[in-house]
Amino acid sequence: MHASFWGKARPRPGEILSFHPAWAHGLDVAAAGRALILARPRPFREVASRVGWTVHELEAVWLHLLALHDLGKFSPLFQWRVPELYPPSIPKPDHRILGTPDPGHPKAGLLLLSEWLGEERTAWPALLRGWSPKAQHALLQPIFGHHGRPVPRDIERDEPAAYLFGAAAQAALGFWNQVEDILPAPDLAPPRPSALAAVSWVLAGMSALADWIGSSQSWFPYVSAETETAAYWAKACRQAEAAVREAGLVPAEAAVRASFATLTGLSHRPTAAQDWADTVALPKGPILVLIEDVTGGGKTEAALVLAHRILASRHADGLYFALPTMATANAMFDRMSAIAPRLFRDGAGPSLTLAHGRAELHAGFRAAASGFGPEADRDSDDDPDGATAAPAWLAGETRKALLADVGVGTIDQAVLAVLPNRYGTIRLAGLAGKVLIVDEAHSYDSYVGKELERLIAFHAAGGGSTIVLSATLPGETKGRIIEAWRKAVGTPAIRPSADAYPLATLASATGELTESRLAARADLCRTLAITRAPDTGAAMARIGAAVEAGACVAWIRNSVDDVIEGAAALRTTGLAAGLFHARFAMGDRLAIEGRVLRTFGRNSSVEDRRGQVLVASQVIEQSLDLDFDLVVTDLAPIDSILQRAGRLWRHTHRARPIVGPELVVVSPDPAGPVAADWMRAALPRASFVYQDHGILWRTARALSGRPRFRVPEDVRPAIEAVYAQADGDIPTTLERIRNEALGRSGAERSIADQNLLVFADGYRPDGHGWQEEGRIATRLAEESRRIRLARPAGERLVPWCSHPDPRIAWALSEATAYERKLRGRHLPEPRWRKAAAAARDDWGRFDEDVILLPLEEGQDRMWRGVLSDEAGSLLSITYGTGLGLLF
């Protein structure tokens, strides 16, 4: 009777069969789960250990449940979605059933199986017999929540399953008995509730992954309803093993331990941090490592040495690099392209992916991901992103990227694993058994900092190790990271005590904390001259003098408008200053980045550099390997200032046209009278970007007290002088601003705490919205909007940037603007609205909120456009490849 119930009904062109039976799809997904256990045993060993079962017992229970994951598709409400395929063996639904709100097949299936398990009939399978309803539900949620979010369930108010299924319940029961014949469920005692909660996260991710694989029509073609089930199970197992291989989900075999030179490809002897990473004793179990060293000190290579050792000892299967921005992730991807294969056995073919919202714009990543994997079917009631056709399958979307052997991406892609968003558990499953490396850990605000702590805690609770890298990590931030990790692994209090710098810290699951003083690389030990410039006029005079001497100069400003104004002011003095900021279309920004690297990068020549000036925003603060003879910077927090100083005399092989490395800081005087508008009067836009003026005053004080700044000796004292909690050490005129900033910081951490998932709660509906990933914020930033620039081509609008793939062309044509500048003006002029609507037809659903701005060519190589709101209020915008967006 159950054979005629359809499970998939979207055949590919040319397919003879009109549907794939529900029973067959259940076995497909169970076979995919079996293949995942074979391919990726580490997380399943961890799960089995947590619940006190053998891996064989876990496999038996999980596969049995996976086969039932779509039990709700036996509901007449689901079957009626394709009336022509409605099973003839059951009555057609009457008006009473059709008038019932459809709970969706995951919830319907959960209700039905829960009702059956509550009856405990001796003739029925022994699955979860004797378990409490709460314990049953804790294990069933990860299975029936396979569409990426837990299944909401209100036992008191839900309709009885019999009402939802009627006669179809007998067909569903027949299928369950058939599953019991093929995949018998053992009668096991329930684990502790805390253990079930702990393992539910990985089981939810792996169940969703098994459903993705089992839903691919390319890997699991439709079969006739009359197919013999036992024979089909054997065939499905073979297909699933092939599918997991083709998807890139079989971890590459790690290489045996190699030397530093072999691993990194570097010829110089290791730094102290790299030596430490190569020799420190690594305890069993999850570890937390923090490496604090100067910019350019080789922290990345040290982290890779540690990760390599963990992989070589078979305590992890891969790694994920989490970075603060897309630019830093792109740069790391380029570095890892050469190094990643060395982490694995020759010929193992490890997968390397780039994970962020614009990964497809990275030419190297596009080239690596140019093959196309199988197309995945969608359930008839799935949201459109349930499964997609993807280049190289793993590379096709960020949720899958963390499953690769080596992933590189933004911190946002990782913290989505601990926020309630659809398929976030896929990310957790991807991180399971990997080494998590967090770079530039100092660069996160209070909100992201709290997310990072929760991510590290989740990862540690699942048995994973984390390596944290920073040049300027405040002691309070470091303490919070260690405390979050410590609570997750359940050790006694661990308190760092060393104030040395550079420093390596290792925490073990046994509660031991090892702090190792490191020596900075000799060529990075230097003394910088720090000079205060009282205003931008004085800064421009210093820039002019340096250029006259043949130096290349960077002037780093704190807002895009300041960058544009600064470059314009320099040009009035005859200096041809270049601009680099974030308010360009992405294609133009990438071109500018390439020119900047050629002019000021590691391989730039004397002729390239002589007398060149770059006015830039924070985009050059991290990741880009840039080297200037003189750096001028607007006042910013001390960690940002030290990062900017890392772009000063970065490469020691160069001959310099000026005497020594000097950092010029444009800042009001911290020693003179300090009014409430101390910062706002001097640098008004910067005072808005960095709103804690107490931190800015402390930074100015710390720098003015060290006109000769020694690296590394002065780094830690300067950081702590700014960020250590102290009362009464800032001018009373700034106390209100400082207190407001502290209040915002506390509020941000509180908001993050409310938004984040709690590991001990387990995978369950808990009042969170479990939104689509594109609609959940990973950062509490000023509201901004994406704008896509278009130019007219006859009656049509085409992307500003050209590319054969229209999807990439539109992405390259995208810029970002703050809502305070747009003020609700999101619509193109009426004369362009028809063309704009046509241009948007092929955009994805995550692009619904993107603004389309038609531009028309004007004078001086500037293009002009107009946006309006519903009431007709207009906003004029200009754009040029030399200036960016101007409002």
# chains A, B, ... in the order shown; residues from 1 in each chain; ligands from 1
call {"tool": "select_by_dssp", "arguments": {"residues": "range 573-734 of chain A", "states": "strand (DSSP E)", "output": "VMD selection string"}}
result
chain A and resid 578 to 580 613 to 616 630 to 634 662 to 666 708 to 711
call {"tool": "residues_around", "arguments": {"residues": "range 34-51 of chain A", "least_positions_apart": "4", "cutoff": "7 Å", "atoms": "only C-alpha atoms", "output": "PDB file with C-alpha atoms, in the first residue's frame"}}
result
ATOM      1  CA  ALA A  30      19.540   6.641   5.175  1.00  0.00           C
ATOM      2  CA  VAL A  55      29.370   3.571  16.851  1.00  0.00           C
ATOM      3  CA  LEU A  58      24.549   4.879  16.944  1.00  0.00           C
ATOM      4  CA  LEU A  63      19.915   5.282   9.977  1.00  0.00           C
ATOM      5  CA  PRO A 191      21.349   8.673  27.446  1.00  0.00           C
ATOM      6  CA  ALA A 195      24.371  14.175  26.449  1.00  0.00           C
ATOM      7  CA  LEU A 196      21.407  14.156  24.077  1.00  0.00           C
ATOM      8  CA  VAL A 199      25.044  15.575  20.343  1.00  0.00           C
ATOM      9  CA  ALA A 240      25.474   7.054  -1.682  1.00  0.00           C
ATOM     10  CA  GLU A 241      29.131   6.113  -1.316  1.00  0.00           C
ATOM     11  CA  VAL A 244      29.786  11.358  -0.983  1.00  0.00           C
ATOM     12  CA  VAL A 250      35.564  12.168   2.017  1.00  0.00           C
ATOM     13  CA  PRO A 251      38.296  13.887   4.051  1.00  0.00           C
ATOM     14  CA  ALA A 432      33.267  19.230  13.692  1.00  0.00           C
ATOM     15  CA  GLY A 433      36.667  17.586  13.824  1.00  0.00           C
TER      16      GLY A 433
END
call {"tool": "residues_around", "arguments": {"residues": "range 702-706 of chain A", "least_positions_apart": "5", "cutoff": "9 Å", "atoms": "only C-alpha atoms", "output": "PyMOL selection string"}}
result
chain A and resi 529-532+638+665+669-671+697+714+717-719+721-722
call {"tool": "closest_residue", "arguments": {"among": "A:Lys8, A:Lys450, A:Arg96, A:His442", "to": "Gly746 in chain A", "atoms": "only C-alpha atoms"}}
result
A:Lys450
call {"tool": "closest_residue", "arguments": {"among": "A:Glu57, A:Glu397, A:Glu301, A:Asp634", "to": "Met336 in chain A", "atoms": "only C-alpha atoms"}}
result
A:Glu301
call {"tool": "closest_residue", "arguments": {"among": "A:Leu756, A:Val448, A:Leu683, A:Leu249", "to": "Gly424 in chain A", "atoms": "only C-alpha atoms"}}
result
A:Leu756
call {"tool": "closest_residue", "arguments": {"among": "A:Ala549, A:Ala504, A:Ile426, A:Ala760", "to": "Ala461 in chain A", "atoms": "only C-alpha atoms"}}
result
A:Ala760
call {"tool": "select_by_dssp", "arguments": {"residues": "range 450-667 of chain A", "states": "alpha helix (DSSP H)", "output": "ChimeraX atom specification"}}
result
/A:450-461,475-489,536-548,560-572,586-600,606-609,638-645
call {"tool": "closest_residue", "arguments": {"among": "A:Phe887, A:Trp800, A:Phe458, A:Tyr86", "to": "Ala414 in chain A", "atoms": "only C-alpha atoms"}}
result
A:Phe458
call {"tool": "residues_around", "arguments": {"residues": "range 811-815 of chain A", "least_positions_apart": "3", "cutoff": "10 Å", "atoms": "only C-alpha atoms", "output": "NGL selection string"}}
result
:A and (357-358 or 360-361 or 582-590 or 785-790 or 798-803 or 806-808 or 850-853 or 884-885)
call {"tool": "residues_around", "arguments": {"residues": "Gln141 in chain A", "least_positions_apart": "6", "cutoff": "8 Å", "atoms": "only C-alpha atoms", "output": "PyMOL selection string"}}
result
chain A and resi 110+150-151+200+204+763-764
call {"tool": "decode", "arguments": {"residues": "range 629-641 of chain A", "atoms": "all heavy atoms", "output": "compact mmCIF listing (two decimals), in the first residue's frame"}}
result
# COMPACT_ATOMS: atom_id res chain seq x y z
N ASP A 629 56.96 54.44 2.97
CA ASP A 629 58.09 55.11 3.63
C ASP A 629 57.61 55.98 4.78
O ASP A 629 58.31 56.13 5.78
CB ASP A 629 58.85 55.98 2.62
CG ASP A 629 59.41 55.16 1.47
OD1 ASP A 629 59.86 54.02 1.71
OD2 ASP A 629 59.38 55.65 0.31
N LEU A 630 56.43 56.56 4.64
CA LEU A 630 55.85 57.40 5.69
C LEU A 630 54.36 57.07 5.78
O LEU A 630 53.68 56.95 4.75
CB LEU A 630 56.02 58.89 5.37
CG LEU A 630 55.35 59.86 6.36
CD1 LEU A 630 56.09 59.86 7.69
CD2 LEU A 630 55.30 61.27 5.77
N VAL A 631 53.86 56.91 7.00
CA VAL A 631 52.44 56.70 7.21
C VAL A 631 51.90 57.84 8.06
O VAL A 631 52.43 58.14 9.14
CB VAL A 631 52.14 55.34 7.90
CG1 VAL A 631 50.68 55.25 8.31
CG2 VAL A 631 52.50 54.19 6.98
N VAL A 632 50.86 58.48 7.54
CA VAL A 632 50.12 59.50 8.28
C VAL A 632 48.75 58.91 8.57
O VAL A 632 48.12 58.33 7.67
CB VAL A 632 49.99 60.79 7.46
CG1 VAL A 632 49.20 61.85 8.24
CG2 VAL A 632 51.36 61.32 7.07
N THR A 633 48.29 59.03 9.81
CA THR A 633 47.00 58.44 10.15
C THR A 633 46.20 59.38 11.03
O THR A 633 46.74 60.05 11.90
CB THR A 633 47.17 57.09 10.88
OG1 THR A 633 45.89 56.63 11.32
CG2 THR A 633 48.08 57.20 12.09
N ASP A 634 44.90 59.43 10.79
CA ASP A 634 44.01 60.09 11.72
C ASP A 634 43.98 59.29 13.03
O ASP A 634 44.17 58.07 13.02
CB ASP A 634 42.60 60.18 11.15
CG ASP A 634 42.51 61.11 9.95
OD1 ASP A 634 43.49 61.82 9.67
OD2 ASP A 634 41.45 61.12 9.30
N LEU A 635 43.73 59.96 14.12
CA LEU A 635 43.65 59.29 15.41
C LEU A 635 42.56 58.23 15.39
O LEU A 635 41.44 58.45 14.93
CB LEU A 635 43.36 60.31 16.52
CG LEU A 635 43.24 59.75 17.94
CD1 LEU A 635 44.54 59.11 18.39
CD2 LEU A 635 42.80 60.84 18.91
N ALA A 636 42.90 57.05 15.90
CA ALA A 636 42.00 55.91 15.99
C ALA A 636 42.38 55.14 17.25
O ALA A 636 43.39 55.45 17.89
CB ALA A 636 42.12 55.03 14.74
N PRO A 637 41.61 54.12 17.65
CA PRO A 637 42.02 53.32 18.81
C PRO A 637 43.40 52.71 18.61
O PRO A 637 43.84 52.44 17.49
CB PRO A 637 40.92 52.24 18.88
CG PRO A 637 39.73 52.90 18.28
CD PRO A 637 40.27 53.75 17.16
N ILE A 638 44.08 52.45 19.71
CA ILE A 638 45.50 52.06 19.68
C ILE A 638 45.75 50.82 18.84
O ILE A 638 46.74 50.73 18.13
CB ILE A 638 46.04 51.85 21.12
CG1 ILE A 638 47.54 51.60 21.11
CG2 ILE A 638 45.28 50.75 21.83
CD1 ILE A 638 48.37 52.78 20.69
N ASP A 639 44.83 49.84 18.88
CA ASP A 639 45.06 48.62 18.10
C ASP A 639 45.02 48.92 16.61
O ASP A 639 45.84 48.38 15.84
CB ASP A 639 44.07 47.52 18.47
CG ASP A 639 42.64 48.02 18.61
OD1 ASP A 639 42.43 49.22 18.74
OD2 ASP A 639 41.72 47.18 18.58
N SER A 640 44.12 49.80 16.19
CA SER A 640 44.09 50.20 14.77
C SER A 640 45.35 50.98 14.41
O SER A 640 45.91 50.79 13.32
CB SER A 640 42.85 51.05 14.48
OG SER A 640 41.68 50.28 14.59
N ILE A 641 45.79 51.87 15.30
CA ILE A 641 47.01 52.65 15.03
C ILE A 641 48.20 51.71 14.84
O ILE A 641 49.01 51.89 13.91
CB ILE A 641 47.28 53.62 16.19
CG1 ILE A 641 46.22 54.73 16.23
CG2 ILE A 641 48.68 54.21 16.09
CD1 ILE A 641 46.34 55.76 15.14
